[in-house]
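Asks: Compact mmCIF, C-alpha atoms, file data_28.txt:
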# COMPACT_ATOMS: atom_id res chain seq x y z
CA MET A 1 146.34 151.71 127.45
CA PRO A 2 144.29 149.58 125.01
CA ALA A 3 140.72 150.67 124.32
CA ILE A 4 138.00 148.60 125.95
CA ARG A 5 135.94 146.82 123.32
CA LYS A 6 132.23 147.49 123.65
CA PRO A 7 129.78 144.55 123.59
CA ILE A 8 128.13 143.55 120.30
CA ILE A 9 124.44 142.59 120.06
CA THR A 10 123.71 140.31 117.10
CA TYR A 11 120.10 140.17 115.89
CA THR A 12 120.05 136.71 114.36
CA GLY A 13 116.70 137.03 112.58
CA ILE A 14 117.95 139.90 110.43
CA ASP A 15 121.70 139.18 110.67
CA GLN A 16 122.46 142.65 112.00
CA LYS A 17 125.13 143.58 114.53
CA VAL A 18 125.00 146.74 116.67
CA THR A 19 127.42 148.10 119.21
CA TYR A 20 126.13 148.37 122.77
CA ASP A 21 127.67 151.72 123.68
CA ASP A 22 125.43 152.90 126.52
CA PRO A 23 125.53 150.75 129.68
CA ASP A 24 122.41 152.54 130.95
CA SER A 25 120.34 151.33 127.97
CA THR A 26 118.33 148.14 127.84
CA ILE A 27 118.35 145.89 124.78
CA LEU A 28 115.03 147.47 123.79
CA ASP A 29 116.59 150.95 123.99
CA CYS A 30 119.43 149.74 121.82
CA SER A 31 117.02 148.36 119.20
CA ILE A 32 115.09 151.61 118.93
CA SER A 33 118.19 153.82 118.78
CA ASN A 34 119.50 151.67 115.93
CA GLN A 35 116.18 151.85 114.01
CA ILE A 36 115.40 148.16 114.49
CA PRO A 37 111.63 147.63 114.80
CA HIS A 38 111.05 146.02 118.19
CA LEU A 39 107.56 145.73 119.62
CA HIS A 40 107.05 147.26 123.07
CA GLU A 41 103.35 147.95 123.64
CA CYS A 42 103.68 148.99 127.28
CA GLY A 43 106.62 151.28 126.54
CA GLY A 44 109.28 149.10 128.10
CA ASN A 45 107.74 148.93 131.58
CA GLY A 46 107.64 145.14 131.95
CA ARG A 47 103.83 145.06 131.97
CA CYS A 48 103.38 143.35 128.60
CA SER A 49 105.64 140.74 127.03
CA THR A 50 105.77 141.95 123.43
CA CYS A 51 109.49 142.87 123.55
CA ARG A 52 110.46 139.30 124.48
CA ILE A 53 113.62 137.87 122.96
CA ARG A 54 115.29 134.48 122.88
CA VAL A 55 118.97 134.46 123.82
CA ILE A 56 120.77 132.26 121.31
CA GLN A 57 124.25 132.78 122.73
CA GLY A 58 125.78 134.76 125.58
CA SER A 59 123.06 134.44 128.23
CA THR A 60 125.64 134.96 130.99
CA ASN A 61 126.44 138.35 129.45
CA LEU A 62 123.01 139.70 130.41
CA THR A 63 121.95 141.05 133.79
CA PRO A 64 119.75 138.67 135.87
CA ARG A 65 115.97 138.87 135.62
CA THR A 66 114.38 141.75 137.48
CA LEU A 67 111.44 141.08 139.81
CA LYS A 68 108.99 142.18 137.08
CA GLU A 69 110.62 139.88 134.57
CA GLN A 70 110.74 136.96 137.00
CA GLN A 71 107.03 137.30 137.72
CA MET A 72 106.26 137.45 134.00
CA ALA A 73 108.42 134.40 133.29
CA GLU A 74 106.77 132.33 136.02
CA PHE A 75 103.26 133.32 134.96
CA ARG A 76 103.90 132.51 131.29
CA ARG A 77 106.05 129.44 131.97
CA TRP A 78 109.13 130.64 130.06
CA ASP A 79 112.35 128.70 129.82
CA PRO A 80 115.57 130.53 130.87
CA SER A 81 116.44 131.54 127.30
CA ILE A 82 113.46 133.90 126.99
CA ARG A 83 114.00 137.40 128.31
CA LEU A 84 112.25 140.78 128.29
CA ALA A 85 114.32 143.18 126.19
CA CYS A 86 113.11 146.11 128.29
CA GLN A 87 114.42 144.59 131.51
CA CYS A 88 117.91 143.34 130.66
CA TYR A 89 121.25 145.09 130.19
CA VAL A 90 124.32 143.84 128.33
CA LYS A 91 127.71 143.02 129.87
CA GLY A 92 129.28 141.24 126.88
CA ASP A 93 128.57 139.92 123.37
CA VAL A 94 125.13 138.37 122.96
CA ASP A 95 123.13 136.84 120.09
CA ILE A 96 119.37 137.36 120.32
CA GLN A 97 116.22 136.76 118.33
CA ARG A 98 113.10 138.93 118.58
CA LEU A 99 110.16 136.58 119.15
CA VAL A 100 107.24 138.88 118.29
CA TRP A 101 107.81 140.43 114.89
CA THR A 102 104.47 142.04 114.10
CA SER A 103 101.54 143.52 116.00
CA SER A 104 99.28 140.81 114.58
CA GLU A 105 101.27 138.20 116.51
CA VAL A 106 100.63 139.84 119.88
CA ASN A 107 97.22 138.21 120.26
CA LYS A 108 98.76 134.74 120.30
CA LEU A 109 100.43 135.66 123.58
CA GLN A 110 97.02 135.48 125.25
CA LEU A 111 97.13 131.71 124.81
CA GLU A 112 99.91 131.53 127.40
CA THR A 113 97.28 132.41 130.01
CA VAL A 114 95.17 129.35 129.11
CA PRO A 115 95.66 126.45 131.55
CA ASP A 116 97.43 123.30 130.40
CA GLY A 117 95.77 119.93 130.92
CA GLU A 118 92.61 121.33 132.49
CA ALA A 119 89.80 123.69 131.55
CA GLU A 120 88.99 127.00 133.19
CA GLU A 121 85.69 128.85 132.86
CA ARG A 122 86.00 132.26 131.24
CA ALA A 123 83.54 134.81 129.86
CA ILE A 124 84.25 135.32 126.15
CA ALA A 125 82.69 136.60 122.96
CA ILE A 126 82.69 134.04 120.15
CA LEU A 127 82.53 134.82 116.42
CA PHE A 128 81.83 132.32 113.63
CA CYS A 129 82.30 133.33 109.98
CA ASP A 130 81.37 131.01 107.11
CA ILE A 131 81.68 131.17 103.30
CA ARG A 132 78.32 130.64 101.63
CA ASN A 133 77.94 128.08 98.81
CA PHE A 134 81.53 126.95 99.14
CA THR A 135 80.83 123.43 97.85
CA LYS A 136 79.33 124.83 94.63
CA MET A 137 82.22 127.27 94.29
CA ALA A 138 84.80 124.49 94.69
CA PHE A 139 83.02 122.29 92.12
CA GLU A 140 82.90 125.02 89.47
CA ASN A 141 86.54 126.18 89.80
CA ASN A 142 89.92 124.46 89.63
CA THR A 143 91.77 123.45 92.78
CA PHE A 144 94.53 126.05 92.48
CA ASP A 145 92.08 128.93 92.15
CA ILE A 146 90.10 127.76 95.15
CA ALA A 147 93.29 127.39 97.22
CA HIS A 148 94.25 130.96 96.29
CA VAL A 149 90.80 132.30 97.15
CA LEU A 150 90.76 130.46 100.49
CA ASN A 151 94.18 131.82 101.44
CA ARG A 152 93.09 135.38 100.64
CA PHE A 153 89.79 134.81 102.46
CA TYR A 154 91.47 133.56 105.64
CA THR A 155 93.96 136.44 105.56
CA ILE A 156 91.49 139.28 105.12
CA ILE A 157 88.94 137.97 107.62
CA GLY A 158 91.63 136.92 110.09
CA ASP A 159 93.12 140.41 110.24
CA PRO A 160 89.99 142.03 111.78
CA ILE A 161 90.04 139.41 114.54
CA LEU A 162 93.68 140.18 115.34
CA LEU A 163 93.22 143.95 115.07
CA ASN A 164 90.55 143.76 117.76
CA ASN A 165 92.43 141.77 120.38
CA GLY A 166 90.87 138.51 119.30
CA VAL A 167 92.42 135.07 118.91
CA ILE A 168 91.88 132.86 115.86
CA TYR A 169 90.64 129.66 117.45
CA GLN A 170 90.45 127.43 114.42
CA TYR A 171 89.66 127.00 110.75
CA ILE A 172 86.97 124.46 109.94
CA GLY A 173 86.94 123.95 106.18
CA ASP A 174 85.38 127.16 104.89
CA GLU A 175 84.81 128.60 108.37
CA ILE A 176 86.92 130.65 110.80
CA VAL A 177 86.29 131.06 114.55
CA GLY A 178 87.49 134.02 116.61
CA LEU A 179 87.54 134.42 120.40
CA PHE A 180 87.55 137.71 122.30
CA GLY A 181 88.40 138.03 125.99
CA ILE A 182 90.65 134.98 126.39
CA SER A 183 92.92 136.86 128.79
CA GLY A 184 90.25 139.01 130.41
CA GLY A 185 88.67 142.36 129.58
CA THR A 186 85.25 143.69 130.38
CA ARG A 187 82.12 142.16 128.93
CA GLU A 188 81.36 145.38 127.03
CA LYS A 189 84.83 145.62 125.52
CA ASN A 190 84.93 141.98 124.42
CA CYS A 191 81.55 142.27 122.70
CA ARG A 192 82.49 145.59 121.07
CA ASP A 193 85.71 144.04 119.80
CA ALA A 194 83.86 141.06 118.33
CA ALA A 195 81.28 143.31 116.65
CA ARG A 196 84.00 145.56 115.24
CA ALA A 197 85.80 142.51 113.90
CA ALA A 198 82.61 141.29 112.20
CA LEU A 199 82.05 144.66 110.52
CA GLY A 200 85.71 144.74 109.50
CA MET A 201 85.27 141.32 107.89
CA TYR A 202 82.24 142.57 105.98
CA TYR A 203 84.14 145.55 104.56
CA ALA A 204 87.18 143.38 103.75
CA ILE A 205 85.05 140.85 101.84
CA GLU A 206 83.41 143.64 99.84
CA HIS A 207 86.87 144.95 98.93
CA LEU A 208 88.03 141.43 97.97
CA ASN A 209 85.02 140.92 95.70
CA HIS A 210 85.39 144.24 93.91
CA MET A 211 89.17 144.25 93.53
CA GLU A 212 90.77 140.79 93.55
CA LEU A 213 88.10 138.27 92.59
CA VAL A 214 86.79 140.01 89.48
CA ASP A 215 89.23 138.08 87.27
CA PHE A 216 88.10 134.79 88.83
CA ASP A 217 84.44 135.55 88.16
CA LEU A 218 83.75 134.81 91.82
CA LYS A 219 81.87 136.66 94.51
CA ILE A 220 82.21 135.55 98.12
CA LYS A 221 79.30 135.86 100.51
CA THR A 222 79.60 135.18 104.21
CA GLY A 223 77.48 134.70 107.29
CA ILE A 224 78.71 135.80 110.71
CA GLY A 225 77.30 134.94 114.13
CA ILE A 226 78.42 136.36 117.49
CA ASN A 227 77.55 135.12 120.96
CA PHE A 228 78.76 135.89 124.49
CA GLY A 229 78.86 133.55 127.46
CA ARG A 230 80.93 131.51 129.88
CA ALA A 231 82.77 128.60 128.33
CA TYR A 232 85.51 126.24 129.49
CA ILE A 233 88.93 126.92 127.95
CA GLY A 234 92.10 124.87 128.22
CA HIS A 235 94.90 123.10 126.38
CA LEU A 236 93.46 119.59 126.29
CA GLY A 237 94.08 116.29 124.52
CA HIS A 238 96.69 113.57 124.42
CA PRO A 239 99.69 114.36 126.68
CA LYS A 240 101.90 114.58 123.56
CA HIS A 241 99.40 116.48 121.44
CA LYS A 242 97.43 119.05 123.42
CA GLN A 243 95.64 121.90 121.73
CA LEU A 244 93.38 124.79 122.61
CA ALA A 245 89.83 123.58 123.25
CA ILE A 246 86.66 125.53 123.98
CA VAL A 247 83.80 123.59 125.54
CA GLY A 248 80.30 124.78 126.37
CA ASP A 249 76.94 125.84 125.01
CA PRO A 250 78.01 129.43 124.15
CA ILE A 251 80.28 128.24 121.34
CA ASN A 252 77.66 125.85 119.96
CA THR A 253 75.11 128.65 120.03
CA ALA A 254 77.46 130.99 118.17
CA SER A 255 77.75 128.42 115.39
CA ARG A 256 73.96 128.11 115.19
CA ILE A 257 73.54 131.88 115.08
CA GLN A 258 75.92 131.99 112.13
CA SER A 259 73.87 129.30 110.34
CA PHE A 260 70.62 131.15 111.02
CA ASN A 261 71.77 133.89 108.65
CA LYS A 262 70.91 131.51 105.79
CA GLU A 263 67.28 131.30 106.89
CA VAL A 264 66.71 135.04 107.09
CA ASN A 265 69.14 136.20 104.37
CA SER A 266 71.23 138.36 106.73
CA ARG A 267 75.00 138.89 106.94
CA ILE A 268 75.77 139.45 110.64
CA LEU A 269 73.64 138.30 113.58
CA ILE A 270 74.34 138.83 117.28
CA SER A 271 72.74 137.20 120.30
CA HIS A 272 70.77 139.00 122.99
CA SER A 273 73.71 138.43 125.37
CA VAL A 274 75.92 140.49 123.03
CA TYR A 275 73.26 143.14 122.41
CA LYS A 276 72.67 143.78 126.11
CA SER A 277 76.41 143.93 126.88
CA VAL A 278 76.78 147.42 125.40
CA PRO A 279 74.79 150.66 125.90
CA GLU A 280 71.55 150.82 123.89
CA ASP A 281 72.83 153.51 121.52
CA THR A 282 75.92 151.51 120.46
CA PHE A 283 74.81 149.27 117.60
CA GLU A 284 72.82 150.06 114.50
CA ILE A 285 70.33 147.19 114.38
CA GLY A 286 68.31 146.00 111.41
CA GLU A 287 65.74 143.23 111.82
CA GLU A 288 65.15 141.25 115.00
CA PHE A 289 64.39 137.53 115.08
CA ILE A 290 63.16 135.00 117.62
CA THR A 291 63.98 131.33 117.17
CA ARG A 292 64.50 128.17 119.19
CA PHE A 293 67.71 126.24 118.52
CA ALA A 294 67.78 122.44 118.73
CA GLY A 295 68.48 121.27 122.26
CA HIS A 296 67.37 124.58 123.82
CA GLU A 297 64.24 124.81 125.93
CA HIS A 298 64.25 128.60 125.63
CA GLU A 299 63.80 130.91 122.67
CA SER A 300 66.72 132.97 121.42
CA GLN A 301 66.42 136.58 120.33
CA LEU A 302 68.81 137.62 117.56
CA TYR A 303 69.64 141.02 116.12
CA GLU A 304 70.92 141.93 112.67
CA LEU A 305 74.08 144.02 113.12
CA LYS A 306 74.36 146.80 110.53
CA GLY A 307 77.08 148.95 112.11
CA PHE A 308 77.77 151.40 114.92
CA LYS A 309 75.34 154.28 115.48
CA LYS A 310 78.22 156.67 116.08
CA MET A 311 81.52 156.71 114.23
CA ASP A 312 83.80 154.08 115.71
CA THR A 313 87.34 155.47 115.47
CA GLN A 314 89.04 152.10 115.66
CA LEU A 315 86.94 150.61 112.87
CA GLU A 316 87.65 153.58 110.59
CA LEU A 317 91.40 153.31 111.17
CA GLN A 318 91.42 149.57 110.66
CA LYS A 319 89.55 149.85 107.36
CA SER A 320 92.21 152.20 106.00
CA LEU A 321 95.43 150.34 106.86
CA ASP A 322 95.63 148.37 103.61
CA TYR A 323 95.19 151.54 101.58
CA ILE A 324 97.71 153.78 103.31
CA PHE A 325 100.30 151.00 103.68
CA SER A 326 99.94 149.53 100.20
CA ASN A 327 103.51 150.80 99.68
CA LYS A 328 105.17 151.50 103.02
CA GLU A 329 108.38 152.91 101.56
CA ARG A 330 106.44 155.38 99.43
CA PHE A 331 104.31 156.42 102.41
CA ALA A 332 107.37 157.09 104.58
CA ALA A 333 109.19 158.94 101.78
CA LYS A 334 106.21 161.26 101.19
CA PHE A 335 105.84 161.94 104.90
CA TYR A 336 109.48 162.88 105.50
CA GLU A 337 109.56 164.96 102.30
CA ARG A 338 106.71 167.03 103.73
CA VAL A 339 108.37 167.33 107.14
CA PHE A 340 111.68 168.53 105.68
CA GLU A 341 109.90 170.96 103.37
CA LYS A 342 108.05 172.56 106.30
CA ALA A 343 110.93 172.35 108.78
CA PRO A 344 114.30 172.06 106.94
CA GLN A 345 116.20 172.08 110.23
CA ALA A 346 114.51 168.78 111.17
CA ARG A 347 116.66 166.98 108.59
CA ASP A 348 119.60 167.23 111.01
CA LEU A 349 117.73 164.94 113.44
CA PHE A 350 117.93 162.04 110.97
CA LYS A 351 121.58 161.17 110.51
CA LYS A 352 121.06 157.45 109.94
CA ASN A 353 119.59 155.43 107.08
CA MET A 354 116.29 157.02 106.05
CA ARG A 355 115.02 153.74 104.63
CA ASP A 356 115.39 152.14 108.06
CA GLN A 357 113.80 155.23 109.61
CA GLY A 358 110.82 154.88 107.27
CA ARG A 359 110.42 151.22 108.18
CA LEU A 360 110.43 152.18 111.84
CA LEU A 361 107.82 154.90 111.19
CA THR A 362 105.28 152.58 109.52
CA HIS A 363 105.97 149.89 112.11
CA MET A 364 105.19 152.40 114.87
CA LEU A 365 102.06 153.78 113.16
CA GLY A 366 100.60 150.33 112.51
CA GLY A 367 101.44 149.32 116.07
CA ILE A 368 99.46 152.26 117.45
CA VAL A 369 96.35 151.14 115.53
CA TYR A 370 96.74 147.58 116.85
CA SER A 371 97.39 148.71 120.43
CA MET A 372 94.17 150.74 120.53
CA SER A 373 92.44 147.44 121.27
CA ARG A 374 94.72 147.13 124.31
CA PRO A 375 94.41 150.66 125.77
CA GLU A 376 95.98 149.64 129.07
CA HIS A 377 99.35 149.72 127.28
CA LEU A 378 98.85 152.63 124.88
CA GLU A 379 99.54 155.58 127.19
CA SER A 380 102.75 154.12 128.62
CA GLY A 381 103.86 153.13 125.12
CA LEU A 382 103.44 156.70 123.90
CA ALA A 383 105.36 157.96 126.93
CA PHE A 384 108.29 155.76 125.89
CA LEU A 385 108.11 157.13 122.34
CA GLY A 386 107.92 160.71 123.61
CA LYS A 387 110.98 160.30 125.83
CA SER A 388 113.02 158.58 123.12
CA HIS A 389 112.16 161.27 120.55
CA ALA A 390 113.08 164.01 123.04
CA LYS A 391 116.46 162.31 123.50
CA TYR A 392 117.02 162.49 119.74
CA GLY A 393 116.34 166.26 119.76
CA VAL A 394 112.64 166.45 118.87
CA THR A 395 111.05 169.56 120.43
CA GLU A 396 107.48 170.68 121.00
CA GLU A 397 107.69 172.88 117.87
CA HIS A 398 108.22 169.80 115.69
CA TYR A 399 104.94 168.12 116.59
CA PRO A 400 102.54 170.42 114.65
CA VAL A 401 104.71 169.81 111.56
CA VAL A 402 104.59 166.05 112.14
CA LEU A 403 100.81 166.14 112.65
CA SER A 404 100.00 168.14 109.52
CA SER A 405 102.47 166.17 107.38
CA MET A 406 101.04 162.86 108.55
CA ILE A 407 97.44 163.87 107.85
CA GLU A 408 98.35 165.16 104.38
CA THR A 409 100.23 161.95 103.56
CA ILE A 410 97.38 159.76 104.78
CA ARG A 411 94.85 161.75 102.76
CA GLU A 412 96.99 161.45 99.62
CA GLU A 413 97.57 157.70 100.04
CA LEU A 414 93.86 157.07 100.65
CA GLY A 415 92.98 158.81 97.40
CA GLU A 416 89.44 157.96 96.30
CA HIS A 417 88.95 155.93 99.49
CA SER A 418 89.22 159.04 101.66
CA THR A 419 86.06 159.99 103.55
CA PRO A 420 85.31 162.71 106.14
CA ASP A 421 84.85 160.06 108.86
CA LEU A 422 88.13 158.39 107.97
CA ILE A 423 90.13 161.61 108.05
CA SER A 424 88.37 162.65 111.27
CA ALA A 425 89.33 159.32 112.86
CA TRP A 426 92.99 159.74 111.90
CA GLU A 427 93.01 163.33 113.12
CA GLN A 428 91.58 162.26 116.48
CA VAL A 429 94.13 159.54 117.10
CA LEU A 430 97.11 161.52 115.78
CA VAL A 431 96.25 164.57 117.90
CA TYR A 432 96.08 162.27 120.93
CA VAL A 433 99.38 160.59 120.01
CA THR A 434 101.29 163.84 119.45
CA ASP A 435 99.78 165.47 122.56
CA GLU A 436 100.95 162.52 124.68
CA MET A 437 104.42 162.42 123.14
CA LYS A 438 105.15 166.14 123.39
CA LYS A 439 104.55 166.05 127.16
CA TYR A 440 108.08 164.69 127.39
CA THR A 441 109.87 167.39 125.36
CA ASN A 442 112.37 169.58 127.16
Could you render the structure as structure tokens?

Replies:
Amino acid sequence: MPAIRKPIITYTGIDQKVTYDDPDSTILDCSISNQIPHLHECGGNGRCSTCRIRVIQGSTNLTPRTLKEQQMAEFRRWDPSIRLACQCYVKGDVDIQRLVWTSSEVNKLQLETVPDGEAEERAIAILFCDIRNFTKMAFENNTFDIAHVLNRFYTIIGDPILLNNGVIYQYIGDEIVGLFGISGGTREKNCRDAARAALGMYYAIEHLNHMELVDFDLKIKTGIGINFGRAYIGHLGHPKHKQLAIVGDPINTASRIQSFNKEVNSRILISHSVYKSVPEDTFEIGEEFITRFAGHEHESQLYELKGFKKMDTQLELQKSLDYIFSNKERFAAKFYERVFEKAPQARDLFKKNMRDQGRLLTHMLGGIVYSMSRPEHLESGLAFLGKSHAKYGVTEEHYPVVLSSMIETIREELGEHSTPDLISAWEQVLVYVTDEMKKYTN
């Protein structure tokens, strides 16, 4: 009797073929077991849409949409080719493409909740960041240097927006605008996220000035303004060219707050609506200012944001990502070397390509830092990781080895950038992660 050929899943984006040998596994399960990084913030429970795929060929070889998937598809207006990898099983050969490759892309998915052709009022935090003296800088340097500096500027100040569940609304010349709370969230969380993003921008600019721009003889200075309020949001414009639009006084006020930094020589200013959105002991405040913006009949009270009064774990982790992942392959190699040295028997758990395993490790670790800004998915995501690791043979005794090896590797990769707060932040989150995962060991 001839052997029955098992279905083949082809990942078109990376030109990789894997055999689907477990009919009880979803496509997401198959990705993870074959060490293919595949985002799944909610742990494959159909509550987020980060594991979405596009079916290039073989759509009839997948099981029909589940109720969860159907509801998600209707809400986000998907065409039939888009599926949730955590909800579909394979019956024959299929070619797919992962649609969300990195954690930084997840925030864009919020835009699917914005109405098309009409505006809807939503409560959001709005951040404006501007380069100071850009015209003078552009005049004194050649075009190619300025283009390079702008690209680096937009990258390093865009990352803090994305790390904190924000959406990059637009670039306006030498200015970037971030929005927090597009798809919901509490007022306190949205304002915290915006403030954390602003502080992350400040640290990133300082790093850029001291490390990358020295050879250009440039030093970038910025002004940041944050406001909170209800604005109208929608995809508006010509029927053939609609784009995201934010309309309302809160966004105009945020821009004016940013500009007011020039008058008082400050770096980050927040409105009273942001300040009162969090408990009194949250922000470290410098000077306070009262002004009246053009077109306003009322005075506005502004606060200089210096930092958080207590260590903010998320901010500490975010500040360190560039340092510990400056060479992801080296990081993973050092980590596994430590694990195998402490627990030689653990080497038997890794029978596949260690390079792919290392890529999966750094993908997972970075994803945890990003998903901390979306805590509603974090616990279920860790449950999925715990169950999958238990299936591969990871036991409760392995987790202390993993924890100590990870902390040692992070400390080594940080080098001179290591601080007590930074190590404390990593210890806190890694203890939480390992405690959650080992709940599912046998």

Asks: For segment 360-393 of chain A against segment 399-415 of chain A, with a cut-off of 12 Å and counting all atoms listed in the file, what is the closest atom pair and its distance in Å to one decimal for every residue that makes the cut, ordered by chain and number, as CSV?

Replies:
residue,atom,partner,partner_atom,distance
A:Leu361,CA,A:Met406,CA,10.8
A:Thr362,CA,A:Met406,CA,11.2
A:Leu365,CA,A:Met406,CA,10.2
A:Gly386,CA,A:Tyr399,CA,10.6
A:His389,CA,A:Tyr399,CA,10.7
A:Ala390,CA,A:Tyr399,CA,11.2
A:Gly393,CA,A:Tyr399,CA,12.0

Asks: What is the distance, in Å and to one decimal place, between atom CA of Leu127 of chain A and atom CA of Val274 of chain A?

Replies: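 Going from atom CA of Leu127 of chain A over to atom CA of Val274 of chain A covers 10.9 Å.
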
Asks: Which residues are near Glu112 of chain A? Cut-off 12 Å, only C-alpha atoms, ignore same chain within fewer than 2 positions. Put them as a PDB file with C-alpha atoms, keeping the file's coordinate frame.

Replies:
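Output (out-v5.pdb):
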ATOM      1  CA  SER A  49     105.640 140.740 127.030  1.00  0.00           C
ATOM      2  CA  MET A  72     106.260 137.450 134.000  1.00  0.00           C
ATOM      3  CA  ALA A  73     108.420 134.400 133.290  1.00  0.00           C
ATOM      4  CA  GLU A  74     106.770 132.330 136.020  1.00  0.00           C
ATOM      5  CA  PHE A  75     103.260 133.320 134.960  1.00  0.00           C
ATOM      6  CA  ARG A  76     103.900 132.510 131.290  1.00  0.00           C
ATOM      7  CA  ARG A  77     106.050 129.440 131.970  1.00  0.00           C
ATOM      8  CA  TRP A  78     109.130 130.640 130.060  1.00  0.00           C
ATOM      9  CA  VAL A 106     100.630 139.840 119.880  1.00  0.00           C
ATOM     10  CA  ASN A 107      97.220 138.210 120.260  1.00  0.00           C
ATOM     11  CA  LYS A 108      98.760 134.740 120.300  1.00  0.00           C
ATOM     12  CA  LEU A 109     100.430 135.660 123.580  1.00  0.00           C
ATOM     13  CA  GLN A 110      97.020 135.480 125.250  1.00  0.00           C
ATOM     14  CA  VAL A 114      95.170 129.350 129.110  1.00  0.00           C
ATOM     15  CA  PRO A 115      95.660 126.450 131.550  1.00  0.00           C
ATOM     16  CA  ASP A 116      97.430 123.300 130.400  1.00  0.00           C
ATOM     17  CA  VAL A 167      92.420 135.070 118.910  1.00  0.00           C
ATOM     18  CA  ILE A 182      90.650 134.980 126.390  1.00  0.00           C
ATOM     19  CA  SER A 183      92.920 136.860 128.790  1.00  0.00           C
ATOM     20  CA  ILE A 233      88.930 126.920 127.950  1.00  0.00           C
ATOM     21  CA  GLY A 234      92.100 124.870 128.220  1.00  0.00           C
ATOM     22  CA  HIS A 235      94.900 123.100 126.380  1.00  0.00           C
ATOM     23  CA  GLN A 243      95.640 121.900 121.730  1.00  0.00           C
ATOM     24  CA  LEU A 244      93.380 124.790 122.610  1.00  0.00           C
TER      25      LEU A 244
END

Asks: Just to confirm, what's the straight-line distance from atom CA of Asn34 of chain A to atom CA of Arg330 of chain A in Å (one decimal)?

Replies: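 A separation of 21.4 Å between them.
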
Asks: Taking only C-alpha atoms into account, which of A:His207, A:Arg83, A:Arg267, A:Lys276 comes nearest Glu188 of chain A?

Replies: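 Selected residue with least distance to Glu188 of chain A: A:Lys276.
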
Asks: With distances taken over all atoms listed in the file, which of A:Asn252, A:Ser25, A:Thr434, A:Thr441 is nearest to Lys387 of chain A?

Replies: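 For Lys387 of chain A, the nearest of the given residues is A:Thr441.
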
Asks: When you count all atoms listed in the file, which of these residues is closest to Ala254 of chain A: A:Arg230, A:Lys328, A:Gly184, A:Phe128?

Replies: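 Nearest candidate to Ala254 of chain A out of A:Arg230, A:Lys328, A:Gly184, A:Phe128: A:Phe128.
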
Asks: Distance cut-off 12 Å, centre (125.0, 130.6, 128.6) in file coordinates, counting only C-alpha atoms: which residues qualify? Return them as an NGL selection string.

Replies: :A and (54-62 or 80-81 or 92-95)

Asks: Could you list, as a list in words, every residue within 6 Å of Gln97 of chain A, counting all atoms listed in the file and ignoring same-chain residues fewer than 6 positions away?

Replies: Tyr11, Thr12, Gly13, Ile53 and Arg54 of chain A

Asks: Please indicate the distance in Å from atom CA of His40 of chain A to atom CA of Gly185 of chain A, rounded to one decimal place.

Replies: 20.1 Å

Asks: Select, from A:Val431, A:Leu321, A:Ile96, A:Ile124, the residue with the minimum atom-to-atom distance to Ala231 of chain A, counting all atoms listed in the file.

Replies: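 Answer, going by the shortest atom-to-atom distance: A:Ile124.
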
Asks: For Thr291 of chain A, work out the shell of residues within 7 Å, counting all atoms listed in the file and skipping chain neighbours fewer than 3 positions away, then give it as a PyMOL selection string.

Replies: chain A and resi 299-301
